[in-house]
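Have a look at model29.cif; it's mmCIF, C-alpha atoms:
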```
data_protein
loop_
_atom_site.label_atom_id
_atom_site.label_comp_id
_atom_site.auth_asym_id
_atom_site.auth_seq_id
_atom_site.Cartn_x
_atom_site.Cartn_y
_atom_site.Cartn_z
CA MET A 8 0.57 21.00 3.96
CA THR A 9 -2.43 19.80 6.00
CA PRO A 10 -5.82 19.16 4.34
CA ASN A 11 -9.18 19.41 6.09
CA LEU A 12 -9.01 15.75 7.03
CA PRO A 13 -8.21 14.45 10.52
CA ASN A 14 -4.90 12.64 11.05
CA THR A 15 -3.81 13.34 7.47
CA HIS A 16 -0.33 14.57 6.54
CA ILE A 17 0.81 15.71 3.09
CA CYS A 18 4.51 15.79 2.23
CA ILE A 19 5.61 17.19 -1.14
CA SER A 20 8.99 16.20 -2.54
CA GLN A 21 11.06 17.90 -5.22
CA SER A 22 12.12 14.44 -6.40
CA ASP A 23 10.96 10.88 -5.72
CA PRO A 24 8.36 10.87 -2.91
CA GLY A 25 9.82 7.63 -1.61
CA TYR A 26 12.84 9.54 -0.36
CA LEU A 27 10.59 11.43 2.07
CA ALA A 28 8.88 8.25 3.24
CA GLY A 29 12.10 6.50 4.24
CA ASP A 30 12.55 8.26 7.57
CA LEU A 31 8.93 7.62 8.55
CA LEU A 32 9.20 3.93 7.72
CA LEU A 33 12.42 3.57 9.71
CA ASP A 34 10.82 5.27 12.71
CA LEU A 35 7.64 3.18 12.56
CA SER A 36 9.61 -0.03 12.14
CA GLU A 37 11.87 0.46 15.11
CA LYS A 38 9.07 1.68 17.38
CA ALA A 39 6.97 -1.38 16.53
CA VAL A 40 9.88 -3.76 17.11
CA THR A 41 10.62 -2.13 20.47
CA SER A 42 7.00 -2.19 21.63
CA LYS A 43 5.85 -5.62 20.41
CA GLY A 44 8.75 -7.43 18.82
CA CYS A 45 7.79 -7.20 15.14
CA PHE A 46 6.84 -4.82 12.34
CA THR A 47 3.94 -5.68 10.04
CA ILE A 48 3.89 -4.02 6.63
CA ALA A 49 1.88 -4.42 3.44
CA LEU A 50 3.77 -3.41 0.31
CA SER A 51 2.43 -1.71 -2.78
CA GLY A 52 3.08 -2.40 -6.44
CA GLY A 53 3.54 -0.09 -9.40
CA SER A 54 6.38 2.34 -10.04
CA SER A 55 5.73 4.80 -7.20
CA PRO A 56 7.26 2.78 -4.32
CA GLN A 57 10.38 1.70 -6.18
CA GLY A 58 12.36 4.74 -5.03
CA LEU A 59 11.48 3.92 -1.42
CA TYR A 60 12.40 0.26 -1.82
CA THR A 61 15.75 1.15 -3.36
CA LEU A 62 16.42 3.65 -0.58
CA LEU A 63 15.66 1.12 2.16
CA ALA A 64 18.08 -1.37 0.60
CA SER A 65 20.84 1.27 0.40
CA GLU A 66 23.72 1.53 2.84
CA LYS A 67 22.11 4.63 4.37
CA PHE A 68 19.18 2.63 5.73
CA LYS A 69 20.00 -1.05 5.44
CA GLY A 70 22.05 -1.30 8.63
CA HIS A 71 19.55 0.61 10.77
CA ILE A 72 16.49 -1.57 10.26
CA SER A 73 15.60 -4.72 12.22
CA TRP A 74 14.87 -6.74 9.09
CA ASN A 75 14.61 -10.03 10.98
CA LYS A 76 11.55 -8.65 12.79
CA TRP A 77 9.63 -7.71 9.65
CA LEU A 78 6.48 -9.53 8.53
CA VAL A 79 5.89 -8.60 4.89
CA PHE A 80 2.60 -8.77 3.01
CA TRP A 81 1.05 -7.23 -0.11
CA GLY A 82 -2.07 -5.11 -0.41
CA ASP A 83 -2.92 -6.49 -3.83
CA GLU A 84 -1.63 -8.64 -6.66
CA ARG A 85 -2.18 -9.40 -10.31
CA THR A 86 -3.51 -12.75 -11.52
CA SER A 87 -3.26 -12.83 -15.32
CA ASP A 88 -0.23 -14.41 -16.97
CA THR A 89 0.66 -11.22 -18.85
CA GLU A 90 0.43 -9.03 -15.75
CA LEU A 91 2.43 -11.38 -13.54
CA ILE A 92 5.52 -10.48 -15.57
CA THR A 93 5.50 -7.26 -13.54
CA SER A 94 3.83 -8.64 -10.42
CA ASN A 95 3.91 -6.61 -7.23
CA TYR A 96 5.94 -9.35 -5.58
CA LYS A 97 8.51 -9.39 -8.38
CA VAL A 98 9.06 -5.63 -8.27
CA ALA A 99 9.46 -5.59 -4.49
CA ASN A 100 11.74 -8.62 -4.55
CA GLN A 101 14.05 -7.14 -7.18
CA THR A 102 14.37 -3.72 -5.56
CA LEU A 103 14.21 -4.58 -1.84
CA LEU A 104 13.56 -8.07 -0.52
CA SER A 105 16.42 -9.84 -2.29
CA ARG A 106 18.83 -7.22 -0.93
CA VAL A 107 17.96 -7.31 2.78
CA PRO A 108 18.04 -10.13 5.38
CA ILE A 109 14.34 -10.75 5.96
CA PRO A 110 13.74 -14.47 6.74
CA LYS A 111 11.91 -16.04 3.80
CA GLU A 112 9.23 -17.50 6.05
CA GLN A 113 8.32 -13.94 7.09
CA ILE A 114 7.59 -12.87 3.51
CA TYR A 115 3.96 -13.66 2.71
CA ARG A 116 3.58 -13.63 -1.04
CA ILE A 117 0.13 -13.77 -2.65
CA ALA A 118 0.16 -17.05 -4.61
CA SER A 119 -2.06 -15.68 -7.37
CA GLU A 120 -1.36 -18.45 -9.87
CA ILE A 121 -4.21 -20.55 -8.45
CA ASN A 122 -7.98 -19.93 -8.32
CA PRO A 123 -8.46 -16.23 -7.40
CA ASP A 124 -11.25 -16.77 -4.88
CA LYS A 125 -9.29 -19.49 -3.12
CA THR A 126 -6.17 -17.34 -3.25
CA ALA A 127 -7.95 -14.44 -1.56
CA LYS A 128 -9.45 -16.66 1.15
CA ASP A 129 -6.16 -18.46 1.84
CA TYR A 130 -4.20 -15.21 1.92
CA TYR A 131 -6.45 -13.68 4.53
CA GLN A 132 -6.15 -16.84 6.61
CA ASN A 133 -2.36 -16.49 6.42
CA ILE A 134 -2.62 -12.88 7.58
CA TYR A 135 -5.03 -13.80 10.35
CA ALA A 136 -2.70 -16.52 11.62
CA ALA A 137 0.35 -14.25 11.43
CA PHE A 138 -1.47 -11.72 13.61
CA GLY A 139 -2.13 -14.32 16.29
CA PHE A 140 -5.64 -15.19 15.05
CA LYS A 141 -6.85 -11.65 15.73
CA ASP A 142 -8.23 -9.00 13.42
CA PRO A 143 -5.17 -7.69 11.54
CA VAL A 144 -3.96 -4.21 12.46
CA PHE A 145 -0.98 -3.42 10.24
CA ASP A 146 1.75 -1.12 11.47
CA LEU A 147 1.98 0.30 7.94
CA ILE A 148 0.19 -0.20 4.64
CA LEU A 149 1.81 1.33 1.56
CA LEU A 150 -0.46 2.37 -1.30
CA GLY A 151 -0.20 3.88 -4.73
CA MET A 152 -2.91 5.58 -6.77
CA GLY A 153 -3.87 5.29 -10.42
CA LYS A 154 -5.03 8.08 -12.72
CA ASP A 155 -8.58 6.82 -12.21
CA GLY A 156 -8.26 7.09 -8.43
CA HIS A 157 -7.93 3.37 -7.74
CA THR A 158 -5.72 2.20 -4.91
CA ALA A 159 -4.52 -1.31 -4.13
CA SER A 160 -6.83 -3.07 -6.63
CA LEU A 161 -9.93 -1.20 -5.53
CA PHE A 162 -11.08 0.23 -8.86
CA PRO A 163 -13.99 2.61 -9.47
CA GLY A 164 -17.32 0.84 -9.81
CA THR A 165 -16.13 -2.58 -8.66
CA GLU A 166 -17.93 -4.76 -6.13
CA ALA A 167 -14.85 -4.89 -3.88
CA LEU A 168 -15.51 -1.29 -2.85
CA ASN A 169 -18.74 -2.40 -1.18
CA GLU A 170 -17.14 -5.09 0.97
CA LYS A 171 -17.94 -4.37 4.62
CA ASN A 172 -15.65 -6.96 6.21
CA SER A 173 -11.94 -6.75 6.90
CA GLY A 174 -10.42 -9.21 4.49
CA VAL A 175 -8.95 -10.05 1.10
CA VAL A 176 -11.12 -10.53 -2.00
CA ALA A 177 -10.83 -11.49 -5.64
CA SER A 178 -12.14 -8.51 -7.60
CA TRP A 179 -13.14 -8.54 -11.26
CA VAL A 180 -11.99 -5.29 -12.90
CA PRO A 181 -14.02 -4.70 -16.11
CA SER A 182 -11.76 -1.89 -17.34
CA LEU A 183 -8.79 -4.27 -17.35
CA LYS A 184 -10.74 -7.45 -18.14
CA THR A 185 -8.94 -9.27 -15.37
CA THR A 186 -9.27 -10.32 -11.75
CA ARG A 187 -7.11 -8.82 -9.02
CA ILE A 188 -6.51 -9.92 -5.43
CA THR A 189 -6.92 -6.99 -3.05
CA PHE A 190 -7.26 -5.88 0.56
CA THR A 191 -10.71 -4.54 1.37
CA LEU A 192 -11.24 -0.99 2.60
CA PRO A 193 -12.06 -2.13 6.17
CA LEU A 194 -8.73 -3.98 6.35
CA ILE A 195 -6.83 -0.95 5.05
CA ASN A 196 -8.64 1.47 7.33
CA ASN A 197 -7.89 -0.67 10.37
CA ALA A 198 -4.15 0.00 10.00
CA LYS A 199 -2.14 2.12 12.41
CA ASN A 200 -0.53 3.96 9.50
CA VAL A 201 -1.33 4.19 5.78
CA ALA A 202 1.01 5.94 3.35
CA PHE A 203 0.29 6.85 -0.26
CA LEU A 204 3.23 7.25 -2.64
CA VAL A 205 2.20 9.17 -5.76
CA LYS A 206 4.27 10.79 -8.48
CA GLY A 207 3.94 12.27 -11.94
CA ILE A 208 1.91 14.93 -13.71
CA SER A 209 -0.57 12.29 -14.90
CA LYS A 210 -1.77 11.89 -11.29
CA ALA A 211 -2.11 15.64 -10.57
CA MET A 212 -5.80 15.95 -11.39
CA MET A 213 -6.74 12.95 -9.27
CA VAL A 214 -4.57 14.11 -6.37
CA LYS A 215 -6.59 17.34 -6.43
CA LYS A 216 -9.90 15.46 -6.49
CA VAL A 217 -8.87 13.31 -3.51
CA LEU A 218 -7.23 15.92 -1.29
CA GLN A 219 -9.17 19.06 -2.28
CA PRO A 220 -12.41 17.77 -3.83
CA ALA A 221 -15.11 19.95 -5.31
CA GLU A 222 -18.66 19.23 -4.19
CA THR A 223 -19.53 17.90 -7.63
CA ASP A 224 -16.57 15.51 -7.88
CA PRO A 225 -17.37 11.79 -7.79
CA VAL A 226 -15.70 9.99 -4.91
CA PRO A 227 -12.65 8.03 -6.13
CA PRO A 228 -11.60 4.88 -4.24
CA ALA A 229 -8.48 6.56 -2.83
CA SER A 230 -10.74 9.05 -1.04
CA LEU A 231 -12.29 6.18 0.91
CA VAL A 232 -9.00 5.40 2.63
CA ARG A 233 -9.51 6.94 6.07
CA PRO A 234 -7.80 5.02 8.91
CA ILE A 235 -10.23 4.67 11.80
CA ASN A 236 -7.67 5.05 14.57
CA GLY A 237 -4.51 5.60 12.56
CA GLU A 238 -2.51 8.17 10.61
CA LEU A 239 -2.75 8.82 6.88
CA TYR A 240 0.26 10.10 4.91
CA TRP A 241 0.46 11.36 1.35
CA PHE A 242 3.97 11.47 -0.10
CA ILE A 243 3.76 13.14 -3.50
CA ASP A 244 6.24 14.72 -5.85
CA ARG A 245 6.05 18.28 -7.12
CA LEU A 246 4.46 17.28 -10.43
CA ALA A 247 1.65 15.32 -8.75
CA SER A 248 0.96 18.31 -6.49
CA THR A 249 0.65 20.79 -9.39
CA ASN A 250 -3.11 21.34 -9.03
CA LEU A 251 -3.20 21.69 -5.24
CA THR A 252 -3.90 25.13 -3.84
#
```
Write the structure described by the file as structure tokens, please.
Amino acid sequence: MTPNLPNTHICISQSDPGYLAGDLLLDLSEKAVTSKGCFTIALSGGSSPQGLYTLLASEKFKGHISWNKWLVFWGDERTSDTELITSNYKVANQTLLSRVPIPKEQIYRIASEINPDKTAKDYYQNIYAAFGFKDPVFDLILLGMGKDGHTASLFPGTEALNEKNSGVVASWVPSLKTTRITFTLPLINNAKNVAFLVKGISKAMMVKKVLQPAETDPVPPASLVRPINGELYWFIDRLASTNLT
């Protein structure tokens, strides 16, 4: 299925959408390693990417990926003590990173236990340095989407949505009464490839509003993800695609 958006690809899965994304990730990884010697990826949190992470760590994929060439980052992270129990880093580490041979120094965790503003500033400096002190252009950024249309930790009505610079910010989210660390839209939209992983009937209405919006629909944050010179992929399961025509 192809929407009326340039460079956008929609793939609908009968099961976990991560199973469809595996082949794309393998292809992008090996092409990047061949062309420039490394693969830069920003991981997503939540439940949607867990199928993909488990697949990549399986015998089917594990031996075909140049793990030692990966540079791993995160598009957002939690900061509150209660939320850190299920932090994006923890989920990815349990399902993928602890099972594959990526050098620890090439895994760039967001150290969100310290002051959020300092965390955001320091994290972007780490990214900037890892990219050779140039504006970061990720090979792939993985994203999820909430029922309210948020992606990464770019929530509706938050100041982070108005950030015009490529970077990482600490964003206060009133609906959750907490601060999140998140990539800005310019950083996301500078990527070579961005892939959404979305599943479940609870996301069906928002998937419709993002991919086939009515003129009266408010613009959700996920709709603002439009790579400038890259490709955009939506991997969704059958339930999440229910309302698409």
Taking only residues of segment 95-141 of chain A that have an atom at most 8 Å from an atom of segment 63-80 of chain A, what is each one's shortest atom pair and its distance in Å to one decimal, using only C-alpha atoms, in chain and number order, as CSV?
```
residue,atom,partner,partner_atom,distance
A:Thr102,CA,A:Ala64,CA,7.6
A:Leu103,CA,A:Ala64,CA,5.6
A:Arg106,CA,A:Ala64,CA,6.1
A:Val107,CA,A:Ala64,CA,6.3
A:Pro108,CA,A:Trp74,CA,5.9
A:Ile109,CA,A:Asn75,CA,5.1
A:Pro110,CA,A:Asn75,CA,6.2
A:Gln113,CA,A:Leu78,CA,5.0
A:Ile114,CA,A:Val79,CA,4.8
A:Tyr115,CA,A:Phe80,CA,5.1
A:Arg116,CA,A:Phe80,CA,6.4
A:Ile117,CA,A:Phe80,CA,7.9
```
Using the chain letters and numbers from the file, give me the residues hit by the PyMOL selection byres ((chain A and resi 151) around 10), as an mmCIF file with C-alpha atoms, in the coordinates of the input.
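Result saved to expr-v9.cif:
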```
data_model
loop_
_atom_site.group_PDB
_atom_site.id
_atom_site.type_symbol
_atom_site.label_atom_id
_atom_site.label_comp_id
_atom_site.auth_asym_id
_atom_site.auth_seq_id
_atom_site.Cartn_x
_atom_site.Cartn_y
_atom_site.Cartn_z
ATOM 1 C CA LEU A 50 3.770 -3.410 0.310
ATOM 2 C CA SER A 51 2.430 -1.710 -2.780
ATOM 3 C CA GLY A 52 3.080 -2.400 -6.440
ATOM 4 C CA GLY A 53 3.540 -0.090 -9.400
ATOM 5 C CA SER A 54 6.380 2.340 -10.040
ATOM 6 C CA SER A 55 5.730 4.800 -7.200
ATOM 7 C CA PRO A 56 7.260 2.780 -4.320
ATOM 8 C CA LEU A 149 1.810 1.330 1.560
ATOM 9 C CA LEU A 150 -0.460 2.370 -1.300
ATOM 10 C CA MET A 152 -2.910 5.580 -6.770
ATOM 11 C CA GLY A 153 -3.870 5.290 -10.420
ATOM 12 C CA GLY A 156 -8.260 7.090 -8.430
ATOM 13 C CA HIS A 157 -7.930 3.370 -7.740
ATOM 14 C CA THR A 158 -5.720 2.200 -4.910
ATOM 15 C CA ALA A 159 -4.520 -1.310 -4.130
ATOM 16 C CA SER A 160 -6.830 -3.070 -6.630
ATOM 17 C CA ALA A 202 1.010 5.940 3.350
ATOM 18 C CA PHE A 203 0.290 6.850 -0.260
ATOM 19 C CA LEU A 204 3.230 7.250 -2.640
ATOM 20 C CA VAL A 205 2.200 9.170 -5.760
ATOM 21 C CA LYS A 206 4.270 10.790 -8.480
ATOM 22 C CA ALA A 229 -8.480 6.560 -2.830
ATOM 23 C CA TRP A 241 0.460 11.360 1.350
ATOM 24 C CA PHE A 242 3.970 11.470 -0.100
#
```
**Gap from atom CA of Asp30 of chain A to atom CA of Cys45 of chain A - Å, one decimal** = 17.9 Å
**Asked** Nearest to Ser209 of chain A among A:Asn250, A:Gln21, A:Gln101, A:Ser36, with distances taken over only C-alpha atoms: which residue is it?
**Response**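 Using only C-alpha atoms, the shortest distance to Ser209 of chain A belongs to A:Asn250.
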**Request:** Find the residue from A:Gly58, A:Gly207, A:Gly174, A:Gly164 that sits nearest to Asp129 of chain A; use all atoms listed in the file when measuring.
**Result:**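 Of A:Gly58, A:Gly207, A:Gly174, A:Gly164, the one nearest Asp129 of chain A, counting all atoms listed in the file, is A:Gly174.
Straight-line separation from atom CA of Asn197 of chain A to atom CA of Asp224 of chain A: 25.9 Å.
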**Asked** Which residues match the PyMOL selection byres ((chain A and resi 118) around 10) in the file above, as an NGL selection string?
**Response** :A and (84-86 or 96 or 115-117 or 119-123 or 125-127 or 129-130 or 188)
**Message:** Between atom CA of Asn172 of chain A and atom CA of Pro220 of chain A, what distance in Å does the model show, to one decimal?
**Reply:**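 According to the coordinates, atom CA of Asn172 of chain A and atom CA of Pro220 of chain A are separated by 26.9 Å.
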**Prompt:** Closest to Pro225 of chain A among A:Asp34, A:Ser94, A:Met213, A:Thr61, using all atoms listed in the file?
**Reply:**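 The closest residue to Pro225 of chain A is A:Met213.
Residues captured in this structure file are A:Met8, A:Lys215, A:Gln219, A:Ser248, A:Thr249, A:Asn250, A:Leu251, according to the PyMOL selection byres ((chain A and resi 252) around 10).
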**Selected residue of minimal separation from Tyr135 of chain A among A:Asn196, A:Ser173, A:Asn236, A:Asn100, counting all atoms listed in the file** =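 Answer, going by the shortest atom-to-atom distance: A:Ser173.
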**Request:** Counting only C-alpha atoms, figure out which residue out of A:Lys38, A:Gly25, A:Leu168, A:Asn200 gets nearest to Ser230 of chain A.
**Result:**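 For Ser230 of chain A, the nearest of the candidates is A:Leu168.
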**Message:** Which residues are near segment 177-182 of chain A? Cut-off 7 Å, only C-alpha atoms, ignore same chain within fewer than 3 positions. Put them as number ranges by chain.
**Reply:** A: 123-124, 127, 162, 165, 167, 185-189
**Request:** Measuring atom to atom with only C-alpha atoms, identify which of A:Thr191, A:Leu183, A:Gly139, A:Ile243 is nearest to Glu166 of chain A.
**Result:** A:Thr191
Write out N, CA and C atoms for segment 45-60 of chain A, as a PDB file, keeping the file's coordinate frame.
```
ATOM      1  N   CYS A  45       7.841  -7.000  16.591  1.00  0.00           N
ATOM      2  CA  CYS A  45       7.790  -7.200  15.140  1.00  0.00           C
ATOM      3  C   CYS A  45       7.204  -5.969  14.463  1.00  0.00           C
ATOM      4  N   PHE A  46       7.370  -5.917  13.144  1.00  0.00           N
ATOM      5  CA  PHE A  46       6.840  -4.820  12.340  1.00  0.00           C
ATOM      6  C   PHE A  46       6.073  -5.433  11.184  1.00  0.00           C
ATOM      7  N   THR A  47       4.788  -5.120  11.087  1.00  0.00           N
ATOM      8  CA  THR A  47       3.940  -5.680  10.040  1.00  0.00           C
ATOM      9  C   THR A  47       3.692  -4.624   8.970  1.00  0.00           C
ATOM     10  N   ILE A  48       3.999  -4.974   7.731  1.00  0.00           N
ATOM     11  CA  ILE A  48       3.890  -4.020   6.630  1.00  0.00           C
ATOM     12  C   ILE A  48       3.279  -4.697   5.419  1.00  0.00           C
ATOM     13  N   ALA A  49       2.414  -3.970   4.718  1.00  0.00           N
ATOM     14  CA  ALA A  49       1.880  -4.420   3.440  1.00  0.00           C
ATOM     15  C   ALA A  49       2.448  -3.531   2.347  1.00  0.00           C
ATOM     16  N   LEU A  50       3.110  -4.150   1.375  1.00  0.00           N
ATOM     17  CA  LEU A  50       3.770  -3.410   0.310  1.00  0.00           C
ATOM     18  C   LEU A  50       2.815  -3.111  -0.831  1.00  0.00           C
ATOM     19  N   SER A  51       3.196  -2.126  -1.616  1.00  0.00           N
ATOM     20  CA  SER A  51       2.430  -1.710  -2.780  1.00  0.00           C
ATOM     21  C   SER A  51       3.182  -2.079  -4.051  1.00  0.00           C
ATOM     22  N   GLY A  52       2.450  -2.154  -5.155  1.00  0.00           N
ATOM     23  CA  GLY A  52       3.080  -2.400  -6.440  1.00  0.00           C
ATOM     24  C   GLY A  52       3.215  -1.113  -7.241  1.00  0.00           C
ATOM     25  N   GLY A  53       3.411  -1.250  -8.538  1.00  0.00           N
ATOM     26  CA  GLY A  53       3.540  -0.090  -9.400  1.00  0.00           C
ATOM     27  C   GLY A  53       4.932   0.537  -9.316  1.00  0.00           C
ATOM     28  N   SER A  54       5.083   1.674  -9.975  1.00  0.00           N
ATOM     29  CA  SER A  54       6.380   2.340 -10.040  1.00  0.00           C
ATOM     30  C   SER A  54       6.633   3.272  -8.858  1.00  0.00           C
ATOM     31  N   SER A  55       5.567   3.772  -8.236  1.00  0.00           N
ATOM     32  CA  SER A  55       5.730   4.800  -7.200  1.00  0.00           C
ATOM     33  C   SER A  55       6.574   4.387  -6.005  1.00  0.00           C
ATOM     34  N   PRO A  56       6.466   3.128  -5.494  1.00  0.00           N
ATOM     35  CA  PRO A  56       7.260   2.780  -4.320  1.00  0.00           C
ATOM     36  C   PRO A  56       8.683   2.337  -4.608  1.00  0.00           C
ATOM     37  N   GLN A  57       9.069   2.252  -5.867  1.00  0.00           N
ATOM     38  CA  GLN A  57      10.380   1.700  -6.180  1.00  0.00           C
ATOM     39  C   GLN A  57      11.526   2.547  -5.634  1.00  0.00           C
ATOM     40  N   GLY A  58      11.344   3.864  -5.613  1.00  0.00           N
ATOM     41  CA  GLY A  58      12.360   4.740  -5.030  1.00  0.00           C
ATOM     42  C   GLY A  58      12.536   4.452  -3.548  1.00  0.00           C
ATOM     43  N   LEU A  59      11.423   4.244  -2.842  1.00  0.00           N
ATOM     44  CA  LEU A  59      11.480   3.920  -1.420  1.00  0.00           C
ATOM     45  C   LEU A  59      12.156   2.573  -1.204  1.00  0.00           C
ATOM     46  N   TYR A  60      11.797   1.578  -1.993  1.00  0.00           N
ATOM     47  CA  TYR A  60      12.400   0.260  -1.820  1.00  0.00           C
ATOM     48  C   TYR A  60      13.911   0.304  -2.054  1.00  0.00           C
TER      49      TYR A  60
END
```
